[in-house]
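This is protein-v4.txt (compact mmCIF, C-alpha atoms and all ligand atoms).
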# COMPACT_ATOMS: atom_id res chain seq x y z
CA MET G 167 12.87 -29.49 45.16
CA CYS G 168 14.24 -31.07 41.95
CA SER G 169 15.49 -34.62 42.61
CA ILE G 170 18.45 -34.20 40.26
CA ARG G 171 21.43 -31.89 40.67
CA SER G 172 23.87 -30.98 37.91
CA VAL G 173 27.43 -31.26 39.10
CA ILE G 174 30.62 -30.01 37.44
CA THR G 175 32.89 -33.08 37.40
CA GLY G 176 35.61 -31.99 34.99
CA ILE G 177 37.24 -28.84 33.64
CA GLY G 178 39.59 -28.43 30.66
CA ALA G 179 41.01 -25.78 28.37
CA SER G 180 43.03 -25.30 25.24
CA LEU G 181 45.00 -22.38 23.82
CA PRO G 182 46.58 -21.77 20.41
CA LYS G 183 50.32 -22.41 20.17
CA LYS G 184 51.27 -18.77 19.57
CA TYR G 185 50.69 -15.64 21.57
CA LEU G 186 51.38 -11.96 20.95
CA THR G 187 52.65 -9.72 23.73
CA ASN G 188 51.87 -6.02 24.00
CA PHE G 189 55.42 -5.40 22.77
CA ASP G 190 54.70 -7.49 19.65
CA LEU G 191 51.61 -5.33 18.98
CA ALA G 192 53.58 -2.12 19.53
CA GLU G 193 55.76 -3.16 16.58
CA LYS G 194 52.67 -3.40 14.33
CA MET G 195 50.58 -0.42 15.44
CA ASP G 196 50.66 2.85 17.34
CA THR G 197 50.31 1.49 20.88
CA SER G 198 52.51 0.56 23.84
CA ASP G 199 52.80 -2.02 26.60
CA GLU G 200 52.35 0.83 29.09
CA TRP G 201 49.02 2.01 27.57
CA ILE G 202 47.56 -1.48 27.23
CA THR G 203 48.66 -2.61 30.71
CA LYS G 204 47.39 0.55 32.42
CA ARG G 205 44.02 0.70 30.62
CA THR G 206 43.24 -3.04 30.48
CA GLY G 207 45.65 -5.20 32.52
CA ILE G 208 46.30 -7.30 29.42
CA LYS G 209 49.88 -8.46 28.81
CA ARG G 210 49.38 -11.02 26.04
CA ARG G 211 46.75 -12.73 23.88
CA TYR G 212 46.83 -16.10 22.10
CA VAL G 213 46.20 -16.04 18.36
CA ALA G 214 45.13 -19.10 16.37
CA GLY G 215 47.56 -20.14 13.64
CA GLU G 216 47.19 -22.27 10.54
CA GLY G 217 45.01 -25.33 11.19
CA GLU G 218 43.79 -23.99 14.54
CA THR G 219 40.08 -23.22 14.55
CA THR G 220 37.31 -22.70 17.07
CA ALA G 221 36.29 -26.36 16.66
CA SER G 222 39.83 -27.71 17.07
CA LEU G 223 40.40 -25.65 20.23
CA ALA G 224 36.95 -26.65 21.51
CA THR G 225 37.68 -30.34 20.90
CA LYS G 226 41.00 -30.19 22.78
CA ALA G 227 39.36 -28.40 25.71
CA ALA G 228 36.54 -30.98 25.66
CA LEU G 229 38.96 -33.93 25.71
CA SER G 230 40.80 -32.40 28.64
CA ALA G 231 37.53 -31.88 30.58
CA ILE G 232 36.34 -35.42 29.73
CA ALA G 233 39.62 -36.93 31.00
CA HIS G 234 39.45 -34.77 34.13
CA ALA G 235 35.86 -35.93 34.81
CA LYS G 236 36.95 -39.56 34.24
CA VAL G 237 34.07 -40.17 31.82
CA SER G 238 34.16 -41.45 28.25
CA PRO G 239 33.05 -39.50 25.16
CA ARG G 240 30.34 -42.21 24.84
CA ASP G 241 28.79 -40.93 28.09
CA ILE G 242 28.19 -37.46 26.61
CA ASP G 243 24.58 -36.92 25.48
CA LEU G 244 24.54 -33.12 25.16
CA ILE G 245 27.15 -30.79 23.65
CA ILE G 246 26.66 -27.04 23.77
CA VAL G 247 29.31 -24.78 22.28
CA ALA G 248 29.05 -21.11 23.18
CA THR G 249 30.69 -19.15 20.38
CA VAL G 250 30.26 -16.21 18.01
CA SER G 251 33.27 -17.20 15.89
CA GLY G 252 32.40 -20.72 14.78
CA ASP G 253 34.22 -22.56 11.99
CA TYR G 254 31.25 -22.19 9.65
CA ILE G 255 27.89 -20.43 9.61
CA PHE G 256 26.59 -24.00 9.59
CA PRO G 257 26.90 -26.73 10.66
CA ALA G 258 27.22 -25.83 14.32
CA THR G 259 30.71 -25.96 15.82
CA ALA G 260 29.19 -28.37 18.37
CA ALA G 261 28.48 -30.80 15.50
CA LEU G 262 32.16 -30.63 14.48
CA VAL G 263 33.19 -31.36 18.08
CA GLN G 264 30.73 -34.25 18.15
CA ARG G 265 32.28 -35.65 14.96
CA GLU G 266 35.81 -35.35 16.38
CA LEU G 267 34.75 -37.12 19.55
CA GLU G 268 33.04 -39.80 17.44
CA ILE G 269 29.80 -39.66 19.41
CA ARG G 270 27.30 -41.21 16.99
CA GLU G 271 24.23 -41.93 19.05
CA ASN G 272 21.95 -40.42 21.69
CA CYS G 273 23.62 -37.03 21.69
CA VAL G 274 22.35 -33.59 20.75
CA ALA G 275 24.88 -30.90 19.77
CA PHE G 276 24.22 -27.22 19.10
CA ASP G 277 25.77 -23.77 19.45
CA ILE G 278 24.55 -20.73 21.27
CA GLY G 279 25.67 -17.18 20.60
CA ALA G 280 25.63 -14.75 23.49
CA ALA G 281 29.15 -13.37 22.93
CA CYS G 282 31.06 -12.92 26.21
CA SER G 283 28.08 -14.26 28.22
CA GLY G 284 27.83 -17.37 26.04
CA PHE G 285 29.34 -19.78 28.56
CA ILE G 286 26.96 -18.63 31.33
CA PHE G 287 23.99 -18.96 28.94
CA ALA G 288 25.20 -22.46 27.94
CA ILE G 289 25.59 -23.58 31.56
CA ASP G 290 22.08 -22.30 32.32
CA MET G 291 20.71 -24.29 29.37
CA ALA G 292 22.64 -27.50 30.17
CA ASP G 293 21.60 -27.26 33.83
CA SER G 294 17.94 -27.11 32.74
CA TYR G 295 18.35 -30.10 30.38
CA LEU G 296 19.92 -32.17 33.15
CA LYS G 297 17.38 -31.20 35.80
CA LEU G 298 14.50 -31.95 33.40
CA GLY G 299 15.96 -35.42 32.76
CA LYS G 300 16.54 -34.63 29.06
CA ALA G 301 20.29 -35.37 29.32
CA LYS G 302 22.64 -37.03 31.80
CA CYS G 303 26.12 -35.89 30.88
CA ALA G 304 26.72 -32.55 29.19
CA LEU G 305 29.78 -31.02 27.64
CA VAL G 306 29.59 -27.24 27.91
CA ILE G 307 32.25 -25.42 25.92
CA GLY G 308 33.14 -21.77 25.40
CA ALA G 309 35.39 -21.41 22.35
CA GLU G 310 36.42 -18.51 20.14
CA THR G 311 38.89 -17.42 17.48
CA PHE G 312 38.11 -13.74 17.94
CA SER G 313 41.42 -12.77 16.30
CA ARG G 314 39.72 -13.56 12.98
CA LEU G 315 37.00 -10.99 13.71
CA LEU G 316 39.44 -8.17 14.44
CA ASP G 317 40.45 -5.23 12.31
CA TRP G 318 44.18 -5.21 13.06
CA ASN G 319 44.30 -1.56 11.92
CA ASP G 320 41.97 -0.58 14.77
CA ARG G 321 44.13 -0.24 17.88
CA SER G 322 41.11 0.43 20.11
CA THR G 323 39.71 -3.10 19.64
CA SER G 324 42.50 -5.34 18.29
CA ILE G 325 44.59 -5.13 21.48
CA LEU G 326 41.71 -6.38 23.65
CA PHE G 327 40.83 -9.85 22.38
CA GLY G 328 42.36 -13.31 22.07
CA ASP G 329 41.58 -16.91 21.12
CA GLY G 330 41.03 -20.03 23.23
CA ALA G 331 38.59 -22.58 24.55
CA GLY G 332 37.45 -23.89 27.91
CA ALA G 333 35.06 -26.71 28.75
CA VAL G 334 33.29 -28.37 31.65
CA VAL G 335 31.56 -31.71 32.04
CA LEU G 336 28.23 -31.33 33.83
CA GLN G 337 26.67 -34.54 35.13
CA ALA G 338 23.16 -35.28 36.44
CA LEU G 339 23.45 -36.89 39.87
CA PRO G 340 20.77 -37.73 42.44
CA TYR G 341 20.80 -35.87 45.75
CA ASP G 342 22.66 -37.76 48.47
CA THR G 343 19.85 -38.67 50.89
CA ALA G 344 22.33 -39.33 53.70
CA VAL G 345 23.13 -35.62 53.76
CA THR G 346 20.81 -33.41 55.82
CA ALA G 347 18.31 -31.41 53.75
CA SER G 348 19.66 -28.08 54.97
CA SER G 349 23.22 -28.65 53.76
CA MET G 350 24.12 -27.55 50.29
CA GLN G 351 25.29 -30.41 48.08
CA PRO G 352 27.74 -29.93 45.18
CA GLY G 353 26.14 -28.76 41.95
CA ILE G 354 24.73 -25.74 40.16
CA GLN G 355 22.67 -23.96 42.81
CA PHE G 356 21.17 -21.13 40.77
CA CYS G 357 21.67 -19.25 37.47
CA ARG G 358 20.24 -16.06 36.07
CA ILE G 359 20.66 -14.78 32.54
CA TYR G 360 19.49 -11.52 30.98
CA SER G 361 19.58 -9.57 27.69
CA ASP G 362 18.85 -6.02 26.61
CA GLY G 363 18.84 -5.59 22.82
CA MET G 364 18.61 -1.80 23.14
CA TYR G 365 22.42 -1.93 23.47
CA ALA G 366 22.88 -4.10 20.35
CA ASP G 367 24.99 -1.44 18.61
CA ALA G 368 27.39 -0.84 21.50
CA LEU G 369 29.40 -3.99 20.75
CA LYS G 370 28.93 -5.69 17.40
CA THR G 371 30.52 -6.76 14.16
CA SER G 372 30.40 -4.38 11.23
CA GLY G 373 28.76 -7.02 9.06
CA GLY G 374 27.02 -10.35 8.88
CA VAL G 375 25.65 -12.90 6.44
CA SER G 376 22.32 -11.18 5.98
CA THR G 377 23.61 -7.60 5.92
CA THR G 378 26.97 -7.60 4.12
CA SER G 379 27.51 -11.26 3.16
CA SER G 380 30.64 -11.21 5.35
CA SER G 381 31.48 -11.46 9.04
CA GLY G 382 32.71 -7.87 9.37
CA PHE G 383 35.00 -6.72 12.19
CA VAL G 384 34.48 -6.05 15.89
CA GLN G 385 33.25 -2.52 16.63
CA MET G 386 32.77 -1.20 20.13
CA ASP G 387 31.71 1.85 22.08
CA GLY G 388 34.35 1.14 24.72
CA ARG G 389 33.12 3.62 27.33
CA CYS G 390 29.50 2.47 27.11
CA VAL G 391 30.55 -1.18 27.44
CA PHE G 392 32.90 -0.38 30.31
CA LYS G 393 30.22 1.50 32.29
CA ASN G 394 27.59 -1.18 31.73
CA ALA G 395 29.98 -4.02 32.56
CA ILE G 396 30.63 -2.47 35.99
CA GLU G 397 26.88 -2.00 36.57
CA LYS G 398 25.97 -5.53 35.48
CA PHE G 399 28.72 -7.18 37.54
CA ASN G 400 27.47 -5.26 40.60
CA GLU G 401 23.87 -6.20 39.87
CA MET G 402 24.65 -9.89 39.32
CA LEU G 403 26.80 -10.31 42.42
CA THR G 404 24.07 -8.63 44.50
CA CYS G 405 21.47 -10.97 42.93
CA ALA G 406 23.65 -14.02 43.54
CA MET G 407 23.91 -13.16 47.25
CA GLU G 408 20.19 -12.34 47.63
CA ASP G 409 18.94 -15.35 45.62
CA ASN G 410 21.06 -17.79 47.60
CA GLY G 411 21.14 -16.16 51.04
CA LEU G 412 24.90 -15.63 50.87
CA THR G 413 27.19 -13.02 52.35
CA ILE G 414 30.49 -12.10 50.75
CA ASP G 415 32.19 -14.28 53.38
CA ASP G 416 30.25 -17.35 52.19
CA ILE G 417 31.72 -16.99 48.69
CA ASP G 418 35.08 -18.70 48.20
CA LEU G 419 35.79 -17.64 44.64
CA ILE G 420 34.40 -15.24 42.04
CA ILE G 421 35.31 -15.87 38.38
CA PRO G 422 34.24 -12.82 36.38
CA HIS G 423 34.39 -12.52 32.60
CA GLN G 424 37.92 -11.37 31.82
CA ALA G 425 37.66 -8.22 29.69
CA ASN G 426 39.48 -5.51 31.59
CA VAL G 427 41.20 -5.61 34.99
CA ARG G 428 39.75 -2.18 35.82
CA ILE G 429 36.19 -3.57 35.57
CA ILE G 430 37.13 -6.42 37.93
CA GLU G 431 38.94 -4.08 40.34
CA LYS G 432 35.83 -1.90 40.56
CA LEU G 433 33.83 -4.99 41.61
CA ILE G 434 36.44 -5.80 44.28
CA GLU G 435 36.29 -2.21 45.54
CA ASN G 436 32.47 -1.93 45.48
CA PHE G 437 31.94 -5.07 47.55
CA GLY G 438 35.09 -4.86 49.68
CA ILE G 439 36.06 -8.35 48.53
CA SER G 440 39.40 -9.82 49.46
CA ARG G 441 41.50 -9.79 46.27
CA ASP G 442 42.47 -13.45 46.58
CA LYS G 443 38.79 -14.42 46.20
CA VAL G 444 38.54 -12.97 42.70
CA LEU G 445 40.26 -14.77 39.86
CA ILE G 446 42.08 -12.50 37.39
CA THR G 447 43.59 -14.07 34.26
CA VAL G 448 43.00 -11.29 31.72
CA ASP G 449 46.74 -10.54 31.75
CA LYS G 450 47.49 -13.99 30.29
CA HIS G 451 44.63 -14.49 27.80
CA ALA G 452 43.09 -11.05 27.10
CA ASN G 453 39.34 -11.11 26.41
CA THR G 454 38.46 -14.47 24.84
CA SER G 455 34.70 -13.81 24.82
CA ALA G 456 32.76 -17.04 25.57
CA ALA G 457 36.01 -18.88 26.40
CA SER G 458 37.07 -16.43 29.08
CA ILE G 459 35.26 -17.86 32.12
CA PRO G 460 36.05 -21.56 31.48
CA LEU G 461 39.68 -20.68 30.64
CA SER G 462 39.97 -18.97 34.03
CA PHE G 463 38.11 -21.83 35.72
CA ASN G 464 40.68 -24.24 34.32
CA GLU G 465 43.47 -22.31 36.06
CA VAL G 466 42.09 -23.38 39.45
CA ARG G 467 40.85 -26.86 38.57
CA ASP G 468 43.35 -28.55 40.91
CA ILE G 469 42.20 -26.61 43.96
CA VAL G 470 38.54 -25.80 43.35
CA PHE G 471 36.96 -29.26 43.81
CA SER G 472 36.73 -29.10 47.59
CA GLY G 473 33.20 -27.88 48.24
CA LYS G 474 34.09 -24.32 47.29
CA ASN G 475 31.27 -21.84 46.65
CA VAL G 476 32.00 -20.31 43.26
CA ILE G 477 30.22 -17.47 41.46
CA LEU G 478 30.69 -17.04 37.70
CA LEU G 479 29.79 -13.54 36.39
CA SER G 480 29.38 -12.40 32.81
CA MET G 481 28.54 -9.40 30.66
CA GLY G 482 28.80 -9.17 26.89
CA ALA G 483 27.44 -8.02 23.55
CA GLY G 484 23.67 -7.83 23.21
CA PHE G 485 23.95 -6.72 25.96
CA THR G 486 23.81 -10.06 27.72
CA TRP G 487 24.70 -10.75 31.33
CA GLY G 488 24.20 -13.31 34.06
CA TYR G 489 25.61 -15.37 36.91
CA VAL G 490 26.01 -18.99 37.95
CA PHE G 491 26.38 -20.06 41.58
CA VAL G 492 27.96 -23.49 41.83
CA LYS G 493 29.12 -25.53 44.80
CA MET G 494 32.07 -27.65 43.70
N1 LIG G 501 47.05 2.32 22.35
C1 LIG G 501 47.27 3.61 22.61
N2 LIG G 501 46.32 4.54 22.64
C2 LIG G 501 45.06 4.13 22.40
C3 LIG G 501 44.76 2.80 22.12
C4 LIG G 501 45.80 1.87 22.09
N3 LIG G 501 45.63 0.57 21.85
N4 LIG G 501 43.43 2.68 21.94
C5 LIG G 501 42.91 3.90 22.09
N5 LIG G 501 43.91 4.79 22.37
C6 LIG G 501 43.79 6.22 22.61
C7 LIG G 501 42.55 6.83 22.01
O1 LIG G 501 42.76 7.14 20.65
C8 LIG G 501 42.37 8.05 22.87
O2 LIG G 501 43.24 9.05 22.42
P1 LIG G 501 42.76 10.60 22.40
O3 LIG G 501 42.48 10.93 23.83
O4 LIG G 501 43.95 11.30 21.84
O5 LIG G 501 41.55 10.63 21.53
C9 LIG G 501 42.85 7.61 24.25
O6 LIG G 501 43.67 6.45 24.02
C10 LIG G 501 41.73 7.26 25.20
O7 LIG G 501 40.85 6.39 24.54
P2 LIG G 501 39.55 5.86 25.23
O8 LIG G 501 38.82 4.98 24.28
O9 LIG G 501 38.82 7.00 25.85
O10 LIG G 501 40.21 4.98 26.39
P3 LIG G 501 39.51 4.30 27.62
O11 LIG G 501 40.13 4.75 28.86
O12 LIG G 501 38.00 4.37 27.49
O13 LIG G 501 39.93 2.78 27.40
C11 LIG G 501 39.11 0.68 26.59
C12 LIG G 501 39.54 2.09 26.24
C13 LIG G 501 38.70 -0.02 25.32
C14 LIG G 501 40.28 -0.04 27.21
C15 LIG G 501 37.94 0.76 27.59
O14 LIG G 501 36.94 1.61 27.09
C16 LIG G 501 37.34 -0.58 27.85
O15 LIG G 501 37.98 -1.44 28.43
N6 LIG G 501 36.06 -0.76 27.52
C17 LIG G 501 35.38 -2.01 27.74
C18 LIG G 501 35.94 -3.04 26.83
C19 LIG G 501 35.35 -4.36 27.10
O16 LIG G 501 35.37 -4.78 28.21
N7 LIG G 501 34.83 -4.98 26.05
C20 LIG G 501 34.32 -6.27 26.07
C21 LIG G 501 33.21 -6.43 27.05
S1 LIG G 501 32.54 -7.98 26.88
As structure tokens, what does this structure read like?
Amino acid sequence: MCSIRSVITGIGASLPKKYLTNFDLAEKMDTSDEWITKRTGIKRRYVAGEGETTASLATKAALSAIAHAKVSPRDIDLIIVATVSGDYIFPATAALVQRELEIRENCVAFDIGAACSGFIFAIDMADSYLKLGKAKCALVIGAETFSRLLDWNDRSTSILFGDGAGAVVLQALPYDTAVTASSMQPGIQFCRIYSDGMYADALKTSGGVSTTSSSGFVQMDGRCVFKNAIEKFNEMLTCAMEDNGLTIDDIDLIIPHQANVRIIEKLIENFGISRDKVLITVDKHANTSAASIPLSFNEVRDIVFSGKNVILLSMGAGFTWGYVFVKM
């Protein structure tokens, strides 16, 4: 067994100042609160305004997580920002966060792009760095300004997404030798991440630097994504239970990627899970891509640090999908 465990010690989040309700959207396009609520569960989405960027939201979320963890920015030696809507093509948004936090030495900062699964991919990577002894205190951030990738004339995609950022501090700690070997100690217990590029066209932007010299807009085969999201959530929750010898009763909280309440309700129905064990925040934030899971996590940060067994589940463009099982 690895002698180091990576433990989540702080959680934070940040949202833009302004949000748009479904009623606001109905004034701009041919849609309604009734349609959006019934098909998606979304009631509002935050939209970045002037001066608000992915890096500024990420930095605020990071500062909140750092304060919550009671560490100093100087302790951070790894920053991973999961995003597909960074401030620039380069440098990495993580480098901008590093500059804002004034961390000059002994710190590596980079971005990863796995769309809505980005935060799970970033946790998996940070967990490996910590367990290999390559870092001691990681800042893992999911941050997006997806509103700037939307075609506001396309009602089938523009109603679904929002902006925001969430962050966790992950610290390398030794195992407590006073605790019996059979008891699970707080920390990341297991992660799995997957990709299948055969679905690359199902959810994508209509352009990119190397194809159109622009970012393009979000395009989606909604039904294909919907069907696959249900399948992947089922698959990952089954894997999480098998990998870790858990039953549904052993799990205290499931935090799925927040894209559509119907996808989450199908998971609840398929596994017969008690509704209060599954966090649903899509009504408040819409789909914030890589920020969605840490934004939800932040909603329970005052009650989750009590040894709770938490499963994070994701599915996103690529397709990409995965899970993290963490004992808090
Ligand atoms: N307001 C009103 N009507 C709308 C609309 C909107 N915002 N968007 C689409 N419609 C219309 C369509 O034009 C269509 O009309 P028609 O029957 O006259 O052609 C009708 O509603 C049904 O559209 P459809 O796309 O079949 O709806 P749906 O039940 O598949 O729901 C999504 C659409 C996008 C909500 C659903 O496919 C979805 O949630 N997919 C997954 C999205 C997701 O999770 N993406 C991110 C994953 S990381």
| request: Show which residues sit within 8 Å of stretch 308-318 of chain G, as a PyMOL selection string. Count all atoms listed in the file, and ignore same-chain residues fewer than 4 positions away. | output: chain G and resi 213-214+219-221+223-224+247-252+284-285+323-324+327-333+371+381-384+454-458+460
Would you put the residues from that selection into a file with C-alpha atoms, as a PDB file, keeping the file's coordinate frame?
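Wrote it out as selection_13.pdb, contents follow:
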ATOM      1  CA  VAL G 213      46.200 -16.040  18.360  1.00  0.00           C
ATOM      2  CA  ALA G 214      45.130 -19.100  16.370  1.00  0.00           C
ATOM      3  CA  THR G 219      40.080 -23.220  14.550  1.00  0.00           C
ATOM      4  CA  THR G 220      37.310 -22.700  17.070  1.00  0.00           C
ATOM      5  CA  ALA G 221      36.290 -26.360  16.660  1.00  0.00           C
ATOM      6  CA  LEU G 223      40.400 -25.650  20.230  1.00  0.00           C
ATOM      7  CA  ALA G 224      36.950 -26.650  21.510  1.00  0.00           C
ATOM      8  CA  VAL G 247      29.310 -24.780  22.280  1.00  0.00           C
ATOM      9  CA  ALA G 248      29.050 -21.110  23.180  1.00  0.00           C
ATOM     10  CA  THR G 249      30.690 -19.150  20.380  1.00  0.00           C
ATOM     11  CA  VAL G 250      30.260 -16.210  18.010  1.00  0.00           C
ATOM     12  CA  SER G 251      33.270 -17.200  15.890  1.00  0.00           C
ATOM     13  CA  GLY G 252      32.400 -20.720  14.780  1.00  0.00           C
ATOM     14  CA  GLY G 284      27.830 -17.370  26.040  1.00  0.00           C
ATOM     15  CA  PHE G 285      29.340 -19.780  28.560  1.00  0.00           C
ATOM     16  CA  THR G 323      39.710  -3.100  19.640  1.00  0.00           C
ATOM     17  CA  SER G 324      42.500  -5.340  18.290  1.00  0.00           C
ATOM     18  CA  PHE G 327      40.830  -9.850  22.380  1.00  0.00           C
ATOM     19  CA  GLY G 328      42.360 -13.310  22.070  1.00  0.00           C
ATOM     20  CA  ASP G 329      41.580 -16.910  21.120  1.00  0.00           C
ATOM     21  CA  GLY G 330      41.030 -20.030  23.230  1.00  0.00           C
ATOM     22  CA  ALA G 331      38.590 -22.580  24.550  1.00  0.00           C
ATOM     23  CA  GLY G 332      37.450 -23.890  27.910  1.00  0.00           C
ATOM     24  CA  ALA G 333      35.060 -26.710  28.750  1.00  0.00           C
ATOM     25  CA  THR G 371      30.520  -6.760  14.160  1.00  0.00           C
ATOM     26  CA  SER G 381      31.480 -11.460   9.040  1.00  0.00           C
ATOM     27  CA  GLY G 382      32.710  -7.870   9.370  1.00  0.00           C
ATOM     28  CA  PHE G 383      35.000  -6.720  12.190  1.00  0.00           C
ATOM     29  CA  VAL G 384      34.480  -6.050  15.890  1.00  0.00           C
ATOM     30  CA  THR G 454      38.460 -14.470  24.840  1.00  0.00           C
ATOM     31  CA  SER G 455      34.700 -13.810  24.820  1.00  0.00           C
ATOM     32  CA  ALA G 456      32.760 -17.040  25.570  1.00  0.00           C
ATOM     33  CA  ALA G 457      36.010 -18.880  26.400  1.00  0.00           C
ATOM     34  CA  SER G 458      37.070 -16.430  29.080  1.00  0.00           C
ATOM     35  CA  PRO G 460      36.050 -21.560  31.480  1.00  0.00           C
TER      36      PRO G 460
END
| said: Within 6 Å of ligand LIG 501 (chain G) (counting all atoms listed in the file), which residues show up? I'd like them as a PyMOL selection string. | reply: chain G and resi 197-198+201+205-206+282+321-322+325+388-389+391-392+425-426+481-482
| query | Can you tell me, as a ChimeraX atom specification, what residues are no more than 8 Å from G:Ile246 when counting only C-alpha atoms, ignoring any on the same chain fewer than 4 positions away? | reply | /G:260,275-278,288,292,304-307
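Across the model, the gap from atom CA of G:Leu298 to atom CA of G:Pro239 is 21.7 Å.
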| task | Using atom CA of G:Arg428 and atom CA of G:Phe189 as the two end points, give the distance in Å to one decimal. | result |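 Separating atom CA of G:Arg428 from atom CA of G:Phe189 is a distance of 20.6 Å.
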| Interatomic distance between atom CA of G:Asn436 and atom CA of G:Tyr489? | 17.4 Å
| task | Tell me which of G:Ala406, G:Val466, G:Leu326, G:Ile174 sits closest to G:Phe356, counting only C-alpha atoms. | result |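 Looking at the shortest contact to G:Phe356, the residue is G:Ala406.
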| message | Calculated over only C-alpha atoms, which of the candidates G:Gln264, G:Ser180, G:Asn453, G:Ser238 has the smallest distance to G:Lys226? | response | G:Ser180
| When distances are computed from only C-alpha atoms, which of G:Ile421, G:Phe463, G:Ala368, G:Pro257 shows the smallest separation from G:Asn394? | G:Ala368
| message | Need the shell around G:Gly353: protein/DNA/RNA residues with any atom at most 9 Å away, counting only C-alpha atoms. Skip same-chain ones fewer than 6 positions apart. Format as a list in words? | response | Arg171, Ser172, Val173, Ile174, Leu336, Gln337, Leu339, Phe491, Val492, Lys493 and Met494 of chain G
Next, dump the selected residues to file, keeping only C-alpha atoms, as a PDB file, in the coordinates of the input.
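Dumped everything to selection26.pdb:
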ATOM      1  CA  ARG G 171      21.430 -31.890  40.670  1.00  0.00           C
ATOM      2  CA  SER G 172      23.870 -30.980  37.910  1.00  0.00           C
ATOM      3  CA  VAL G 173      27.430 -31.260  39.100  1.00  0.00           C
ATOM      4  CA  ILE G 174      30.620 -30.010  37.440  1.00  0.00           C
ATOM      5  CA  LEU G 336      28.230 -31.330  33.830  1.00  0.00           C
ATOM      6  CA  GLN G 337      26.670 -34.540  35.130  1.00  0.00           C
ATOM      7  CA  LEU G 339      23.450 -36.890  39.870  1.00  0.00           C
ATOM      8  CA  PHE G 491      26.380 -20.060  41.580  1.00  0.00           C
ATOM      9  CA  VAL G 492      27.960 -23.490  41.830  1.00  0.00           C
ATOM     10  CA  LYS G 493      29.120 -25.530  44.800  1.00  0.00           C
ATOM     11  CA  MET G 494      32.070 -27.650  43.700  1.00  0.00           C
TER      12      MET G 494
END
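Around the point (40.8, -25.1, 43.0), within 12 Å and counting only C-alpha atoms, we find these residues: Gly176, Ile177, Asp418, Leu419, Ile420, Ile421, Lys443, Leu445, Ser462, Phe463, Asn464, Glu465, Val466, Arg467, Asp468, Ile469, Val470, Phe471, Ser472, Gly473, Lys474, Asn475, Val476, Lys493 and Met494 of chain G.
Comparing G:Lys393, G:Arg270, G:Lys432, G:His234 by their smallest distance to G:Val335, the closest is G:His234 (using all atoms listed in the file).
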| query | Between G:Leu262, G:Leu478, G:Val237, G:Ala227, which has the minimum distance to G:Pro182 (counting all atoms listed in the file)? | reply |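 With all atoms listed in the file as the atom set, the closest residue is G:Ala227.
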